[in-house]
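Quick look at upload-v1.tsv (TSV, C-alpha atoms):
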```
chain	number	residue	atom	x	y	z
A	1	MET	CA	291.32	137.29	133.78
A	2	GLY	CA	287.76	137.79	134.64
A	3	GLY	CA	284.72	136.08	133.34
A	4	ARG	CA	281.88	137.65	131.46
A	5	VAL	CA	278.67	137.96	133.45
A	6	ILE	CA	275.59	137.68	131.27
A	7	VAL	CA	271.95	137.88	132.34
A	8	VAL	CA	269.40	135.97	130.24
A	9	THR	CA	266.14	137.86	130.51
A	10	SER	CA	262.93	138.60	128.64
A	11	GLY	CA	260.24	140.37	130.64
A	12	LYS	CA	257.62	137.94	129.43
A	13	GLY	CA	257.40	134.56	131.09
A	14	GLY	CA	257.60	131.28	129.27
A	15	VAL	CA	259.54	132.43	126.21
A	16	GLY	CA	262.61	130.30	126.84
A	17	LYS	CA	264.99	131.99	129.27
A	18	THR	CA	265.68	128.86	131.29
A	19	THR	CA	265.90	126.65	128.21
A	20	SER	CA	268.28	129.13	126.61
A	21	THR	CA	270.42	129.48	129.72
A	22	ALA	CA	270.75	125.73	130.10
A	23	ASN	CA	271.56	125.09	126.47
A	24	LEU	CA	273.99	127.96	126.14
A	25	ALA	CA	275.75	126.96	129.36
A	26	VAL	CA	276.23	123.42	128.08
A	27	ALA	CA	277.33	124.60	124.62
A	28	LEU	CA	279.88	127.02	126.06
A	29	ALA	CA	281.19	124.39	128.46
A	30	LYS	CA	281.52	121.84	125.67
A	31	SER	CA	283.64	124.28	123.71
A	32	GLY	CA	286.08	124.32	126.60
A	33	LYS	CA	284.97	127.32	128.63
A	34	LYS	CA	284.39	127.23	132.36
A	35	VAL	CA	280.76	128.13	132.96
A	36	VAL	CA	278.52	128.64	135.98
A	37	ALA	CA	274.80	128.96	135.44
A	38	ILE	CA	272.99	130.75	138.28
A	39	ASP	CA	269.28	130.17	138.73
A	40	ALA	CA	268.13	133.63	139.81
A	41	ASP	CA	264.47	132.68	139.98
A	42	ILE	CA	264.09	132.43	143.74
A	43	GLY	CA	260.99	130.56	144.78
A	44	LEU	CA	260.23	129.21	141.30
A	45	ARG	CA	263.48	127.57	140.40
A	46	ASN	CA	263.66	125.52	137.23
A	47	LEU	CA	267.18	125.70	135.90
A	48	ASP	CA	268.09	122.68	138.02
A	49	VAL	CA	265.29	120.63	136.47
A	50	VAL	CA	265.96	121.66	132.88
A	51	MET	CA	269.61	120.80	133.32
A	52	GLY	CA	268.75	117.47	134.92
A	53	LEU	CA	270.61	118.27	138.12
A	54	GLU	CA	267.68	118.47	140.50
A	55	ASN	CA	268.83	115.48	142.51
A	56	ARG	CA	272.19	117.01	143.22
A	57	VAL	CA	271.00	120.26	144.77
A	58	VAL	CA	272.00	120.55	148.41
A	59	TYR	CA	272.67	124.22	149.09
A	60	ASN	CA	271.56	127.28	147.15
A	61	PHE	CA	273.01	130.75	146.73
A	62	ILE	CA	270.87	132.20	149.50
A	63	ASP	CA	272.56	129.75	151.86
A	64	VAL	CA	275.84	131.19	150.62
A	65	ILE	CA	274.76	134.81	151.04
A	66	GLU	CA	273.38	134.12	154.49
A	67	LYS	CA	276.59	132.29	155.35
A	68	ARG	CA	275.13	128.87	156.02
A	69	ALA	CA	277.25	127.34	153.29
A	70	ARG	CA	280.35	128.08	151.31
A	71	LEU	CA	280.16	128.83	147.62
A	72	ASN	CA	281.84	125.59	146.59
A	73	GLN	CA	279.35	123.60	148.68
A	74	ALA	CA	276.44	125.16	146.81
A	75	LEU	CA	277.91	124.78	143.33
A	76	VAL	CA	276.68	121.64	141.58
A	77	ARG	CA	279.17	120.22	139.14
A	78	ASP	CA	277.65	118.76	135.99
A	79	LYS	CA	279.48	115.46	135.55
A	80	ARG	CA	278.53	115.16	131.90
A	81	VAL	CA	280.92	117.93	130.95
A	82	GLU	CA	284.59	117.59	131.92
A	83	ASN	CA	285.15	120.03	134.73
A	84	ASN	CA	283.63	123.02	133.14
A	85	LEU	CA	280.00	123.27	133.97
A	86	PHE	CA	278.44	124.24	137.27
A	87	LEU	CA	275.00	125.15	138.48
A	88	LEU	CA	274.32	127.54	141.36
A	89	PRO	CA	270.73	126.80	142.36
A	90	ALA	CA	268.09	129.09	143.79
A	91	ALA	CA	266.10	128.49	146.95
A	92	GLN	CA	262.66	127.06	146.37
A	93	THR	CA	261.16	128.04	149.71
A	94	ARG	CA	262.12	131.70	149.78
A	95	THR	CA	260.91	134.71	147.81
A	96	LYS	CA	262.49	137.31	145.57
A	97	ASP	CA	263.04	139.77	148.41
A	98	ALA	CA	265.36	137.38	150.19
A	99	VAL	CA	268.35	139.06	148.56
A	100	THR	CA	269.30	142.55	147.48
A	101	PRO	CA	270.82	143.63	144.18
A	102	GLU	CA	274.02	144.49	146.03
A	103	GLN	CA	274.30	140.97	147.40
A	104	MET	CA	273.76	139.50	143.96
A	105	ALA	CA	276.39	141.78	142.46
A	106	GLU	CA	278.78	140.73	145.20
A	107	LEU	CA	278.05	137.06	144.46
A	108	CYS	CA	278.84	137.58	140.78
A	109	GLU	CA	282.12	139.28	141.67
A	110	GLN	CA	283.04	136.29	143.81
A	111	LEU	CA	282.47	133.94	140.90
A	112	ARG	CA	283.97	136.06	138.14
A	113	PRO	CA	287.67	135.24	138.74
A	114	ASP	CA	287.10	131.49	138.52
A	115	PHE	CA	284.88	131.27	135.45
A	116	ASP	CA	284.92	132.29	131.81
A	117	PHE	CA	281.18	132.78	131.78
A	118	VAL	CA	278.64	133.47	134.51
A	119	LEU	CA	275.12	133.07	133.13
A	120	LEU	CA	272.16	134.27	135.16
A	121	ASP	CA	268.74	132.79	134.46
A	122	CYS	CA	266.47	135.72	135.20
A	123	PRO	CA	262.87	135.40	136.42
A	124	ALA	CA	260.02	136.89	134.43
A	125	GLY	CA	258.91	140.42	135.30
A	126	ILE	CA	260.45	143.83	135.78
A	127	GLU	CA	260.53	144.08	139.53
A	128	GLY	CA	262.88	142.90	142.26
A	129	GLY	CA	263.60	139.49	140.78
A	130	PHE	CA	264.75	141.04	137.54
A	131	ARG	CA	266.74	143.75	139.30
A	132	ASN	CA	268.49	141.18	141.45
A	133	ALA	CA	269.39	139.00	138.49
A	134	ALA	CA	270.63	141.90	136.39
A	135	ALA	CA	272.52	143.67	139.15
A	136	GLY	CA	275.78	141.78	138.79
A	137	ALA	CA	275.69	141.39	135.03
A	138	ASP	CA	277.67	143.33	132.42
A	139	GLU	CA	275.86	142.02	129.37
A	140	ALA	CA	272.38	140.83	128.57
A	141	LEU	CA	270.68	138.35	126.28
A	142	VAL	CA	267.04	139.19	125.72
A	143	VAL	CA	264.82	136.29	124.70
A	144	THR	CA	261.60	136.86	122.81
A	145	THR	CA	259.17	134.91	120.69
A	146	PRO	CA	257.60	136.27	117.48
A	147	GLU	CA	254.40	137.34	119.24
A	148	ILE	CA	253.13	140.79	120.17
A	149	PRO	CA	253.05	140.33	123.97
A	150	ALA	CA	256.57	138.91	124.06
A	151	VAL	CA	258.04	141.63	121.87
A	152	ARG	CA	256.23	144.29	123.82
A	153	ASP	CA	257.64	143.04	127.10
A	154	ALA	CA	261.07	142.65	125.54
A	155	ASP	CA	260.96	146.29	124.57
A	156	ARG	CA	260.28	147.29	128.15
A	157	ILE	CA	263.04	145.10	129.52
A	158	ILE	CA	265.52	146.43	126.94
A	159	GLY	CA	264.69	149.95	128.06
A	160	MET	CA	265.42	148.99	131.64
A	161	LEU	CA	268.65	147.21	130.75
A	162	GLU	CA	269.82	150.23	128.79
A	163	SER	CA	269.09	152.55	131.67
A	164	MET	CA	271.09	150.19	133.92
A	165	GLY	CA	274.01	150.53	131.55
A	166	LYS	CA	274.16	146.89	130.47
A	167	SER	CA	276.12	146.37	127.31
A	168	PRO	CA	276.01	144.66	124.90
A	169	ILE	CA	272.34	143.73	124.81
A	170	ARG	CA	271.64	141.04	122.22
A	171	LEU	CA	268.42	139.44	121.04
A	172	ILE	CA	267.45	135.79	120.76
A	173	ILE	CA	264.28	135.07	118.81
A	174	ASN	CA	262.93	131.79	120.12
A	175	ARG	CA	260.21	129.39	118.93
A	176	PHE	CA	260.49	130.62	115.39
A	177	ARG	CA	258.28	128.89	112.83
A	178	PRO	CA	259.55	129.43	109.27
A	179	ILE	CA	256.41	128.08	107.61
A	180	MET	CA	254.17	130.50	109.45
A	181	VAL	CA	256.53	133.35	108.67
A	182	GLU	CA	256.53	132.43	105.01
A	183	ASP	CA	252.73	132.29	105.04
A	184	GLY	CA	252.58	135.76	106.53
A	185	ASP	CA	251.15	134.49	109.80
A	186	MET	CA	254.06	135.18	112.10
A	187	LEU	CA	256.21	138.22	112.75
A	188	ALA	CA	259.41	137.96	110.75
A	189	LYS	CA	262.82	138.72	112.15
A	190	GLU	CA	262.91	142.05	110.31
A	191	ASP	CA	259.65	143.12	111.96
A	192	ILE	CA	261.02	142.34	115.40
A	193	LEU	CA	264.42	143.92	114.84
A	194	ASP	CA	262.77	146.99	113.40
A	195	VAL	CA	260.97	147.75	116.64
A	196	LEU	CA	263.47	146.48	119.18
A	197	SER	CA	266.55	147.94	117.52
A	198	ILE	CA	269.14	145.72	119.14
A	199	LYS	CA	271.50	143.31	117.50
A	200	LEU	CA	270.28	139.79	116.84
A	201	ILE	CA	272.49	137.02	118.14
A	202	GLY	CA	270.38	134.05	117.11
A	203	ILE	CA	267.08	132.55	116.01
A	204	VAL	CA	265.97	129.27	117.57
A	205	PRO	CA	263.29	127.38	115.65
A	206	GLU	CA	260.31	125.73	117.29
A	207	ASP	CA	261.44	122.21	117.96
A	208	ASP	CA	259.73	119.31	119.73
A	209	SER	CA	263.08	118.06	120.89
A	210	VAL	CA	263.17	120.95	123.37
A	211	ILE	CA	260.30	119.34	125.26
A	212	ARG	CA	261.86	115.91	125.13
A	213	SER	CA	265.15	117.25	126.38
A	214	ALA	CA	263.45	118.96	129.32
A	215	ASN	CA	261.60	115.74	130.08
A	216	ARG	CA	264.90	113.94	130.32
A	217	GLY	CA	266.88	116.70	131.89
A	218	GLU	CA	269.38	116.64	129.04
A	219	PRO	CA	269.93	120.00	127.37
A	220	LEU	CA	269.85	119.73	123.58
A	221	THR	CA	273.33	121.00	123.09
A	222	PHE	CA	274.80	117.81	124.48
A	223	THR	CA	273.88	116.02	121.27
A	224	GLN	CA	273.75	118.83	118.70
A	225	THR	CA	271.60	117.34	116.00
A	226	SER	CA	268.18	118.96	116.09
A	227	PRO	CA	267.64	122.43	114.58
A	228	ALA	CA	267.21	124.06	117.97
A	229	ALA	CA	270.38	122.42	119.23
A	230	GLN	CA	272.27	123.74	116.23
A	231	ALA	CA	270.87	127.19	116.75
A	232	TYR	CA	271.95	127.23	120.39
A	233	SER	CA	275.41	126.01	119.50
A	234	ASN	CA	275.67	128.77	116.94
A	235	ILE	CA	274.63	131.36	119.50
A	236	ALA	CA	277.27	130.05	121.88
A	237	GLY	CA	279.79	130.53	119.11
A	238	ARG	CA	278.68	134.09	118.47
A	239	ILE	CA	278.82	134.87	122.18
A	240	GLN	CA	282.49	133.94	121.99
A	241	GLY	CA	282.98	136.31	119.13
A	242	LEU	CA	282.99	133.78	116.30
A	243	ASP	CA	281.35	134.68	113.04
A	244	VAL	CA	279.00	131.73	112.72
A	245	PRO	CA	276.94	131.48	109.52
A	246	TRP	CA	273.21	131.67	110.04
A	247	LEU	CA	271.08	128.54	109.88
A	248	GLN	CA	268.97	128.15	106.78
A	249	LEU	CA	265.56	128.40	108.41
A	250	ASP	CA	263.19	128.05	105.53
A	251	ALA	CA	259.91	126.28	105.16
A	252	GLY	CA	261.33	123.53	102.98
A	253	ARG	CA	261.07	120.87	105.59
A	254	SER	CA	257.35	120.73	106.00
A	255	ASN	CA	255.43	117.51	105.64
A	256	GLY	CA	251.92	116.88	104.55
A	257	ILE	CA	250.06	115.96	101.42
A	258	PHE	CA	249.97	119.48	100.06
A	259	THR	CA	253.73	119.83	100.03
A	260	SER	CA	254.19	116.41	98.46
A	261	LEU	CA	251.69	117.28	95.75
A	262	LYS	CA	253.45	120.56	95.21
A	263	LYS	CA	256.70	118.73	94.66
A	264	TRP	CA	255.05	116.24	92.32
A	265	PHE	CA	253.60	118.97	90.17
A	266	GLY	CA	256.98	120.57	90.03
A	267	PHE	CA	256.47	123.76	92.03
B	1	MET	CA	248.32	127.86	92.14
B	2	ASP	CA	246.59	129.62	94.97
B	3	PHE	CA	243.38	127.67	94.46
B	4	LEU	CA	245.24	124.50	95.35
B	5	LYS	CA	246.30	126.10	98.59
B	6	ARG	CA	242.73	126.92	99.43
B	7	TRP	CA	241.52	123.41	98.62
B	8	PHE	CA	244.02	121.87	100.94
B	9	GLY	CA	243.37	124.32	103.70
B	10	GLY	CA	246.37	126.52	103.40
B	11	SER	CA	246.79	129.39	105.76
B	12	SER	CA	244.80	132.58	105.60
B	13	GLY	CA	248.00	134.60	105.62
B	14	GLY	CA	248.30	138.27	106.33
B	15	SER	CA	247.84	138.25	110.09
B	16	ALA	CA	251.52	139.02	110.50
B	17	GLN	CA	251.01	142.32	108.75
B	18	GLU	CA	248.31	143.23	111.19
B	19	ALA	CA	250.46	142.09	114.09
B	20	ASN	CA	253.23	144.31	112.84
B	21	LYS	CA	251.03	147.38	112.68
B	22	ARG	CA	249.53	146.75	116.07
B	23	LEU	CA	252.92	146.13	117.62
B	24	LYS	CA	254.37	149.37	116.30
B	25	PHE	CA	251.38	151.33	117.51
B	26	ILE	CA	251.48	149.69	120.93
B	27	LEU	CA	255.19	150.30	121.39
B	28	ILE	CA	255.04	153.95	120.44
B	29	HIS	CA	252.36	154.52	122.99
B	30	ASP	CA	254.00	152.33	125.63
B	31	ARG	CA	257.24	154.20	125.29
B	32	THR	CA	255.80	157.64	125.59
B	33	ASP	CA	253.03	156.84	127.98
B	34	ILE	CA	250.58	158.87	125.93
B	35	SER	CA	247.08	157.46	125.83
B	36	PRO	CA	244.89	157.64	122.74
B	37	GLN	CA	242.55	159.88	124.73
B	38	LEU	CA	245.31	162.37	125.35
B	39	LEU	CA	246.15	162.33	121.67
B	40	GLU	CA	242.55	163.10	120.85
B	41	ASN	CA	242.45	166.03	123.27
B	42	LEU	CA	245.71	167.29	121.86
B	43	ARG	CA	244.29	167.09	118.38
B	44	LYS	CA	241.18	169.08	119.28
B	45	GLU	CA	243.15	171.80	121.00
B	46	MET	CA	245.61	172.03	118.14
B	47	ILE	CA	242.76	172.43	115.67
B	48	ALA	CA	241.32	175.23	117.82
B	49	VAL	CA	244.63	177.08	117.82
B	50	LEU	CA	245.27	176.59	114.13
B	51	THR	CA	241.86	177.78	113.05
B	52	LYS	CA	242.64	181.14	114.59
B	53	TYR	CA	245.25	181.66	111.91
B	54	MET	CA	244.19	179.59	108.98
B	55	GLU	CA	241.36	177.63	107.51
B	56	ILE	CA	242.17	173.96	107.59
B	57	ASP	CA	240.55	170.84	106.26
B	58	GLU	CA	239.74	169.11	109.54
B	59	SER	CA	238.55	165.93	107.91
B	60	LYS	CA	241.94	165.28	106.36
B	61	ILE	CA	244.18	165.86	109.36
B	62	GLU	CA	246.65	163.08	110.03
B	63	MET	CA	248.29	163.15	113.39
B	64	ASP	CA	250.17	160.48	115.21
B	65	LEU	CA	253.28	159.61	117.17
B	66	ASP	CA	256.02	158.10	115.16
B	67	GLN	CA	259.38	156.60	115.94
B	68	ASP	CA	262.54	158.57	115.37
B	69	GLN	CA	264.41	156.95	112.49
B	70	ASP	CA	267.66	157.28	114.40
B	71	GLN	CA	268.12	153.82	115.83
B	72	GLU	CA	270.43	155.01	118.56
B	73	LYS	CA	267.78	156.90	120.47
B	74	ARG	CA	264.43	155.63	121.51
B	75	THR	CA	262.69	158.93	120.82
B	76	VAL	CA	259.29	159.59	119.45
B	77	ALA	CA	258.04	162.49	117.36
B	78	LEU	CA	254.56	163.84	116.94
B	79	ILE	CA	253.92	164.03	113.21
B	80	ALA	CA	251.02	166.09	111.97
B	81	ASN	CA	249.90	166.60	108.42
B	82	ILE	CA	247.34	169.39	108.24
B	83	PRO	CA	245.91	170.52	104.89
B	84	VAL	CA	245.68	174.29	104.82
B	85	LEU	CA	242.92	175.82	102.74
B	86	ARG	CA	243.48	179.49	103.41
B	87	ILE	CA	245.57	181.68	105.59
B	88	LYS	CA	243.28	184.09	107.31
B	89	ARG	CA	243.81	187.77	107.03
B	90	GLY	CA	244.86	189.50	110.23
B	91	GLY	CA	245.61	186.23	111.79
B	92	GLY	CA	245.35	186.24	115.56
B	93	ASP	CA	242.53	188.76	115.75
B	94	LEU	CA	240.04	187.16	118.05
B	95	ALA	CA	237.46	189.96	117.99
B	96	ARG	CA	235.16	187.98	115.74
B	97	ASP	CA	234.96	184.61	117.65
B	98	GLY	CA	237.30	182.94	115.18
B	99	HIS	CA	234.86	182.71	112.34
B	100	GLU	CA	236.08	183.58	108.94
B	101	ASP	CA	234.89	186.79	107.33
B	102	ARG	CA	237.00	187.71	104.38
B	103	ASP	CA	235.40	191.04	103.66
B	104	SER	CA	235.82	192.48	107.08
B	105	VAL	CA	238.55	194.93	107.83
B	106	PRO	CA	240.47	193.87	110.92
B	107	ALA	CA	240.58	196.36	113.72
B	108	GLY	CA	244.18	195.58	114.55
B	109	PRO	CA	247.42	196.34	112.64
B	110	ALA	CA	247.40	196.58	108.85
B	111	ALA	CA	245.96	193.52	107.23
B	112	PRO	CA	247.96	191.48	104.75
B	113	GLU	CA	247.25	192.22	101.11
B	114	ARG	CA	244.28	190.77	99.38
B	115	THR	CA	246.29	188.57	97.12
B	116	HIS	CA	245.80	185.05	96.00
B	117	THR	CA	246.09	182.44	98.70
B	118	GLN	CA	249.40	180.93	99.54
B	119	ASN	CA	249.68	177.24	100.06
B	120	GLY	CA	250.15	176.21	103.64
B	121	PRO	CA	253.21	174.50	105.03
B	122	SER	CA	251.94	171.09	104.06
B	123	GLY	CA	251.76	172.11	100.46
B	124	ARG	CA	248.28	170.83	100.14
B	125	GLY	CA	246.27	174.03	100.25
B	126	ARG	CA	243.95	175.00	97.46
B	127	ARG	CA	243.97	178.37	95.78
B	128	HIS	CA	240.82	180.26	96.37
B	129	ARG	CA	239.19	182.06	93.50
```
As structure tokens, how would this structure be written, given the file I've shared?
Amino acid sequence: MGGRVIVVTSGKGGVGKTTSTANLAVALAKSGKKVVAIDADIGLRNLDVVMGLENRVVYNFIDVIEKRARLNQALVRDKRVENNLFLLPAAQTRTKDAVTPEQMAELCEQLRPDFDFVLLDCPAGIEGGFRNAAAGADEALVVTTPEIPAVRDADRIIGMLESMGKSPIRLIINRFRPIMVEDGDMLAKEDILDVLSIKLIGIVPEDDSVIRSANRGEPLTFTQTSPAAQAYSNIAGRIQGLDVPWLQLDAGRSNGIFTSLKKWFGF
Amino acid sequence: MDFLKRWFGGSSGGSAQEANKRLKFILIHDRTDISPQLLENLRKEMIAVLTKYMEIDESKIEMDLDQDQDQEKRTVALIANIPVLRIKRGGGDLARDGHEDRDSVPAGPAAPERTHTQNGPSGRGRRHR
């Protein structure tokens, strides 16, 4: 047995790597898999906060690498999910050069035997932080939003992942807005796939509940009702090899007087 | 039905199309690290070489980098569409600073026959009288 080590990356900052890592970790754990989520963003850690575990952080993985703590002292167990979900936090007071890619790869190998999934929340950028986070990973999930800068950066990061031999590399399109796409004001999934040329594993719609869930430190996939939560659960299913049907993301759910009038007039 | 949309402040629409074009252009250049300036220089030099051998319609040249349709590789091709008006006789003879003089007899090896013009590779050449 050996777990799958997956890096969640993007190039561009702020597109949803941490949100995706947290939600996918919870979704995978809820489906019975043993998951550890590693916050690889040294110095700007946020996975702990998004998962709502910030009060439980004592040691971080740099403490482990520098032998001030054992691995099981640094791992934070998420009590909301049976015995399946753990967080390995980053140091907040160090910088990205505190570890080497080799050390990170070694850390992943230490975790692999005990977990079904090792998820790495990668920092933004293409330099040392990214290289550290990706070093120990076999596979990659690339997160982008339907905007030129994000897709452009995703393209660069995919190139780097390919040259590092990561496989498979799958795409998550985040913050998708069906109404804007329908109105021709947002890049559609075909446009993005056309240029990035990697397989799509999921589309997550723009959803206010993402913000509320971060406010509370409760990843969406605990409750599974909002569209984004559903999307993340579906992605977790596809990661496990299930053939999950795609969400119907159309513009039907808009509100506003124009749509009501439209309906009233019968078109 | 569209007028209703405009009344109620519907979207302008269409910006996605522009985004798409810009994105493709940006990525092709990002991937190959070729600046627009370099492309322009390349274009000028190519025109200079081509006009040694043929008369071309410079105003209608289309030249750009395009993505290889093979999704497996991230390669880029330079695609050029160059309308050819005439193939010059004795192509390659530089004695007369490249300017076209169809009645002259080239000093070099035997000139091609004075027949009607062939169309150039692009298939867009015109026959000359």
Practice prompt. Please report as a list in words which residues of chain B come no farther than 6 Å from chain A, using all atoms listed in the file.
Written response: Gly13, Gly14, Ser15, Ala16 and Leu23 of chain B
Worksheet entry | Best match for closeness to B:Arg31 among B:Met63, B:Met46, B:Val84, B:Ala77, counting all atoms listed in the file |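 Closest to B:Arg31 of all the choices is B:Ala77.
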Practice prompt. Find the distance between atom CA of A:Leu141 and atom CA of A:Leu171 and write it in Å to one decimal.
Written response: 5.8 Å
Fill in: Selection: 12 Å around B:Ile47, only C-alpha atoms, excl. self and same-chain fewer than 3 positions, as a list of chain:residue names
B:Glu40, B:Asn41, B:Leu42, B:Arg43, B:Lys44, B:Leu50, B:Thr51, B:Lys52, B:Tyr53, B:Met54, B:Glu55, B:Ile56, B:Asp57, B:Glu58, B:Ser59, B:Lys60, B:Ile61, B:Glu62, B:Met63, B:Ala80, B:Asn81, B:Ile82, B:Pro83, B:Val84, B:Gly98
Export, as a compact mmCIF listing (two decimals), keeping the file's coordinate frame, the selected residues with C-alpha atoms.
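again29.txt was written with the following content:
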```txt
# COMPACT_ATOMS: atom_id res chain seq x y z
CA GLU B 40 242.55 163.10 120.85
CA ASN B 41 242.45 166.03 123.27
CA LEU B 42 245.71 167.29 121.86
CA ARG B 43 244.29 167.09 118.38
CA LYS B 44 241.18 169.08 119.28
CA LEU B 50 245.27 176.59 114.13
CA THR B 51 241.86 177.78 113.05
CA LYS B 52 242.64 181.14 114.59
CA TYR B 53 245.25 181.66 111.91
CA MET B 54 244.19 179.59 108.98
CA GLU B 55 241.36 177.63 107.51
CA ILE B 56 242.17 173.96 107.59
CA ASP B 57 240.55 170.84 106.26
CA GLU B 58 239.74 169.11 109.54
CA SER B 59 238.55 165.93 107.91
CA LYS B 60 241.94 165.28 106.36
CA ILE B 61 244.18 165.86 109.36
CA GLU B 62 246.65 163.08 110.03
CA MET B 63 248.29 163.15 113.39
CA ALA B 80 251.02 166.09 111.97
CA ASN B 81 249.90 166.60 108.42
CA ILE B 82 247.34 169.39 108.24
CA PRO B 83 245.91 170.52 104.89
CA VAL B 84 245.68 174.29 104.82
CA GLY B 98 237.30 182.94 115.18
```
Do a neighbour search on A:Lys166 at 7 Å with all atoms listed in the file, toss out local chain neighbours closer than 6 positions, and write the hits as a compact mmCIF listing (two decimals) with C-alpha atoms, in the frame of the given file.
```txt
# COMPACT_ATOMS: atom_id res chain seq x y z
CA ASP A 138 277.67 143.33 132.42
CA GLU A 139 275.86 142.02 129.37
CA ALA A 140 272.38 140.83 128.57
```
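With atom CA of A:Ile172 on one side and atom CA of A:Leu75 on the other, the separation reads 27.2 Å.
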Discussion item. I want to know what sits within 9 Å of A:Ala214, based on all atoms listed in the file, with residues of the same chain fewer than 2 positions away left out; could you give that as a PyMOL selection string?
Written reply: chain A and resi 19+49-52+209-212+216-220
Any chance you could export the current selection's C-alpha atoms as a compact mmCIF listing (two decimals), in the frame of the given file?
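Final output, result.txt:
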```txt
# COMPACT_ATOMS: atom_id res chain seq x y z
CA THR A 19 265.90 126.65 128.21
CA VAL A 49 265.29 120.63 136.47
CA VAL A 50 265.96 121.66 132.88
CA MET A 51 269.61 120.80 133.32
CA GLY A 52 268.75 117.47 134.92
CA SER A 209 263.08 118.06 120.89
CA VAL A 210 263.17 120.95 123.37
CA ILE A 211 260.30 119.34 125.26
CA ARG A 212 261.86 115.91 125.13
CA ARG A 216 264.90 113.94 130.32
CA GLY A 217 266.88 116.70 131.89
CA GLU A 218 269.38 116.64 129.04
CA PRO A 219 269.93 120.00 127.37
CA LEU A 220 269.85 119.73 123.58
```
Worksheet item: If you measure from atom CA of A:Thr21 to atom CA of A:Ser233, what distance in Å do you get, rounded to one decimal?
Response: 11.9 Å
Item to complete: Dig up all the protein and nucleic acid residues within 12 Å of (266.0, 135.3, 142.1) in the file frame, using all atoms listed in the file, and format them as a ChimeraX atom specification.
Response: /A:7,9,38-47,60-62,88-101,103-104,120-135
Item to complete: Please identify all polymer residues within 8 Å of A:Val76, counting all atoms listed in the file, omitting same-chain residues fewer than 2 positions from it, and present them as a VMD selection string.
Response: chain A and resid 53 56 to 57 73 to 74 78 86 to 89
Worksheet item: From the set A:Ile169, A:Ile203, A:Ser226, A:Ala137, which residue has the shortest atom-to-atom contact distance to A:Leu247, counting only C-alpha atoms?
Response: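 The closest residue to A:Leu247 is A:Ile203.
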Worksheet item: Smallest atom-to-atom distance to A:Asn234: which of A:Ser10, A:Thr18, A:Gln110, A:Ser31, using only C-alpha atoms?
Response: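 Among the listed residues, A:Ser31 lies closest to A:Asn234.
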Worksheet item: Taking into account only C-alpha atoms, which residue in the set A:Val36, A:Glu102, A:Glu109, A:Ser163 is nearest to A:Asn72?
Response: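 Counting only C-alpha atoms, the residue closest to A:Asn72 is A:Val36.
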